[in-house]
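Undergrad: Got a structure here, written out as structure tokens. Questions coming.
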Amino acid sequence: DISYKPAEFNKTYQRASTPQTTMFYGGTISENINPGELEISRIIGLFETLPFVRDPESEGEQVITYSKWRVVKDIPLVSIVHHQDFKRENSYAKEQRENFAKFLAEHPKEIGEKTRLVVDFLANEFAKGNTPNDYDYLISAVYSEMTTKHGLAGVFYPSVRTGGEGFNVAIHPDYVNGGHIVPEAVGECTIYKRKQHTIVDNETVAMILEGQTEFELKPVEAKYHAGKDYIMTQLYPEKYK
């Protein structure tokens with residue numbers, strides 16, 4: 001329930017998976033965070049999965065379940081270089097572009113230019129924000145599938161829904177089943193929203209031990225839970241003067 005969608009239930013093209021196949025999707029942040037960069041990886045999941053959170057005019061509340069995973073074995077991924085339209089800079093994207101520039105400099109100019117054009121094209125496909133039809137993901141989905149057929153686990157690419165501030169990974173299920181990545185914790189939180197003002201409150205949590213396959217969510221400690229009554233005073237101060 002907190003892992004990947006079974007392949008038979010995947011009926012559409014996703015950004016990094018094709019129909020009747022599946023991938024494990026996750027979000028992560030830069031390892032060496034600079035001041036002002038995104039620090040909480042959970043935010044990536046919220047923006048990637050909930051149109052409610054992304055809508056600047058929405059109001060209300062919604063509960064979401066999330067999980068934290070730990071990498072225990074190397075996972076070989078293709079890294080998609082940030083598309084130029086992403087306006088946010090972060091430490092990993094900068095390092096990524098610098099390494100790519102060094103790679104191009106080691107090859108003849110003609111080969112380097114063709115390589116750059118291919119990479120720019122793929123970056124543009126992975127950076128699509130407006131995707132009303134599932135086939136809008138056709139190219140990025142098929143490319144991701146190709147990586148898994150050539151000895152790789154999948155792709156690592158900028159999170160479109162966070163404007164490139166965070167990153168997503170799409171990993172083939174074999175690497176999840178093979179223990180390359182294991183769950184550490186599961187939690188529930190409630191998202192309270194008043195247009196562009198959003199507050200996320202912790203509700204329940206469960207720690208997962210190695211080899212554990214079932215879990216029970218229990219209320220978080222009081223110090224980690226603000227409560228609806230308090231949050232409403234923050235979102236609607238005019239009603240609680």
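Letters A, B, ... mark the chains of the structure tokens in the order given; residue numbers begin at 1 per chain; ligand numbers begin at 1, in order shown.
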Enumerate as JSON, numbers by chain all residues of stretch 85-169 of chain A assigned to alpha helix (DSSP H) by DSSP on the backbone, naming them with the chain letters and numbers the document uses.
TA: {"A": [91, 92, 93, 94, 95, 96, 97, 98, 99, 100, 101, 102, 103, 104, 105, 109, 110, 111, 112, 113, 114, 115, 116, 117, 118, 119, 120, 121, 122, 123, 124, 125, 126, 138, 139, 140, 141, 142, 143, 144, 145, 146, 147, 148]}
Undergrad: Check stretch 61-141 of chain A with DSSP on the backbone and list each residue it calls strand (DSSP E), as a list in words.
TA: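 The residues of stretch 61-141 of chain A classed as strand (DSSP E) are Glu61, Gln62, Val63, Ile64, Thr65, Tyr66, Ser67, Lys68, Trp69, Arg70, Val71, Leu77, Val78 and Ser79 of chain A.
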Undergrad: Which one is closest to A:Ile64: A:Glu184, A:Asp120, A:Lys109, A:Tyr192? Count only C-alpha atoms.
TA: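 Looking only at the distances to A:Ile64, the closest residue turns out to be A:Tyr192.
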Undergrad: For a quick check of understanding, using only C-alpha atoms, which of A:Gly154, A:Pro173, A:Gly129, A:Gly164 has the smallest distance to A:Pro6?
TA: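 Comparing A:Gly154, A:Pro173, A:Gly129, A:Gly164 against A:Pro6, the winner is A:Pro173.
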Undergrad: Can you check which parts of stretch 35-133 of chain A lie within 12 Å of stretch 214-230 of chain A? Per residue, the shortest pair of atoms and distance in Å to one decimal, counting only C-alpha atoms, sorted by chain and number, as a tab-separated table.
TA:
residue	atom	partner	partner_atom	distance
A:Gly60	CA	A:Lys228	CA	11.6
A:Glu61	CA	A:Lys228	CA	9.9
A:Gln62	CA	A:Lys228	CA	12.0
A:Thr65	CA	A:Leu217	CA	10.2
A:Tyr66	CA	A:Leu217	CA	11.5
A:Ser67	CA	A:Leu217	CA	11.6
Undergrad: Would you mind listing what lies within 6 Å of A:Phe167 as a PyMOL selection string, with only C-alpha atoms counted and same-chain residues fewer than 2 positions away left out?
TA: chain A and resi 27-29+157-159
Undergrad: Using only C-alpha atoms, determine which residues lie at most 6 Å from A:Val169, disregarding the query and same-chain residues fewer than 4 positions distant; provide the list as a list in words.
TA: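 With the cut-off at 6 Å, the set is Tyr25, Gly26, Val155 and Phe156 of chain A.
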Undergrad: So how many Å separate atom CA of A:Tyr236 and atom CA of A:Pro56, to one decimal?
TA: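 Between these atoms lies a distance of 16.3 Å.
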Undergrad: May I have the residues within 10 Å of A:Glu125 as a VMD selection string, using only C-alpha atoms and disregarding those fewer than 5 positions away in the same chain?
TA: chain A and resid 15 83 119 to 120 136 to 141 143
Undergrad: Output all heavy atoms of each residue in that selection to a file, as a compact mmCIF listing (two decimals), in the first residue's frame.
TA:
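Written file, out20.txt:
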# COMPACT_ATOMS: atom_id res chain seq x y z
N ARG A 15 4.66 9.95 -16.02
CA ARG A 15 5.87 10.65 -16.46
C ARG A 15 7.04 9.69 -16.69
O ARG A 15 7.89 9.93 -17.55
CB ARG A 15 6.26 11.73 -15.45
CG ARG A 15 7.20 12.79 -16.04
CD ARG A 15 7.51 13.87 -15.01
NE ARG A 15 6.34 14.60 -14.58
CZ ARG A 15 5.85 15.69 -15.18
NH1 ARG A 15 6.45 16.17 -16.25
NH2 ARG A 15 4.78 16.28 -14.70
N HIS A 83 15.95 21.23 -17.01
CA HIS A 83 15.59 22.00 -18.20
C HIS A 83 15.81 23.48 -17.94
O HIS A 83 15.65 23.97 -16.81
CB HIS A 83 14.12 21.75 -18.58
CG HIS A 83 13.73 22.35 -19.88
ND1 HIS A 83 13.08 23.56 -19.98
CD2 HIS A 83 13.93 21.92 -21.16
CE1 HIS A 83 12.88 23.84 -21.25
NE2 HIS A 83 13.39 22.87 -21.99
N VAL A 119 19.83 15.70 -24.94
CA VAL A 119 19.58 15.91 -23.51
C VAL A 119 18.56 17.02 -23.29
O VAL A 119 17.66 16.91 -22.44
CB VAL A 119 20.90 16.21 -22.78
CG1 VAL A 119 20.63 16.67 -21.35
CG2 VAL A 119 21.80 14.98 -22.77
N ASP A 120 18.67 18.11 -24.05
CA ASP A 120 17.70 19.20 -23.93
C ASP A 120 16.30 18.73 -24.29
O ASP A 120 15.31 19.13 -23.66
CB ASP A 120 18.10 20.37 -24.83
CG ASP A 120 19.27 21.17 -24.27
OD1 ASP A 120 19.63 20.94 -23.10
OD2 ASP A 120 19.82 22.00 -25.02
N ASP A 136 0.57 12.68 -23.20
CA ASP A 136 1.56 13.76 -23.14
C ASP A 136 2.87 13.27 -22.51
O ASP A 136 3.92 13.87 -22.69
CB ASP A 136 1.02 14.94 -22.35
CG ASP A 136 -0.16 15.62 -23.04
OD1 ASP A 136 -0.14 15.69 -24.29
OD2 ASP A 136 -1.09 16.05 -22.35
N TYR A 137 2.77 12.18 -21.75
CA TYR A 137 3.94 11.59 -21.09
C TYR A 137 4.59 10.49 -21.94
O TYR A 137 5.50 9.80 -21.47
CB TYR A 137 3.54 10.97 -19.75
CG TYR A 137 3.17 11.94 -18.67
CD1 TYR A 137 2.04 11.75 -17.89
CD2 TYR A 137 3.97 13.05 -18.39
CE1 TYR A 137 1.70 12.62 -16.86
CE2 TYR A 137 3.65 13.93 -17.37
CZ TYR A 137 2.51 13.71 -16.61
OH TYR A 137 2.18 14.56 -15.59
N LEU A 138 4.11 10.29 -23.14
CA LEU A 138 4.53 9.14 -23.94
C LEU A 138 6.05 9.02 -24.06
O LEU A 138 6.63 7.97 -23.80
CB LEU A 138 3.91 9.22 -25.34
CG LEU A 138 4.33 8.13 -26.34
CD1 LEU A 138 3.90 6.75 -25.84
CD2 LEU A 138 3.73 8.40 -27.72
N ILE A 139 6.71 10.10 -24.45
CA ILE A 139 8.15 10.03 -24.72
C ILE A 139 8.95 9.78 -23.44
O ILE A 139 9.83 8.91 -23.39
CB ILE A 139 8.64 11.30 -25.43
CG1 ILE A 139 8.02 11.37 -26.83
CG2 ILE A 139 10.17 11.34 -25.52
CD1 ILE A 139 8.36 12.62 -27.60
N SER A 140 8.65 10.54 -22.39
CA SER A 140 9.40 10.34 -21.13
C SER A 140 9.12 8.96 -20.55
O SER A 140 10.02 8.33 -19.96
CB SER A 140 9.05 11.44 -20.12
OG SER A 140 7.67 11.41 -19.78
N ALA A 141 7.89 8.48 -20.71
CA ALA A 141 7.54 7.15 -20.19
C ALA A 141 8.29 6.06 -20.92
O ALA A 141 8.85 5.14 -20.32
CB ALA A 141 6.04 6.94 -20.29
N TYR A 143 11.04 6.38 -22.71
CA TYR A 143 12.47 6.51 -22.44
C TYR A 143 12.82 5.85 -21.10
O TYR A 143 13.82 5.13 -20.98
CB TYR A 143 12.88 7.97 -22.42
CG TYR A 143 14.34 8.18 -22.06
CD1 TYR A 143 15.34 7.96 -22.99
CD2 TYR A 143 14.71 8.57 -20.77
CE1 TYR A 143 16.67 8.12 -22.67
CE2 TYR A 143 16.04 8.74 -20.44
CZ TYR A 143 17.02 8.52 -21.38
OH TYR A 143 18.34 8.68 -21.04
Undergrad: For A:Ile40, work out the shell of residues within 12 Å, counting only C-alpha atoms and skipping chain neighbours fewer than 4 positions away, then give it as a list of chain:residue names.
TA: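 Contacts, with the query itself left out: A:Gly27, A:Thr28, A:Ile29, A:Ser30, A:Glu31, A:Ile33, A:Gly36, A:Ile44, A:Gly45, A:Leu46, A:Lys68, A:Thr162, A:Glu165, A:Gly166, A:Phe167, A:Val200.
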Undergrad: Report as a ChimeraX atom specification all protein, DNA and RNA residues lying within 10 Å of A:Glu210, evaluated on only C-alpha atoms, omitting residues in the same chain fewer than 2 positions from it.
TA: /A:182-184,208,212-213
Undergrad: Using only C-alpha atoms, can you tell me which of A:Glu57, A:Val205, A:Gln234, A:Asp134 comes closest to A:Asn10?
TA: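 Closest to A:Asn10, using only C-alpha atoms: A:Asp134.
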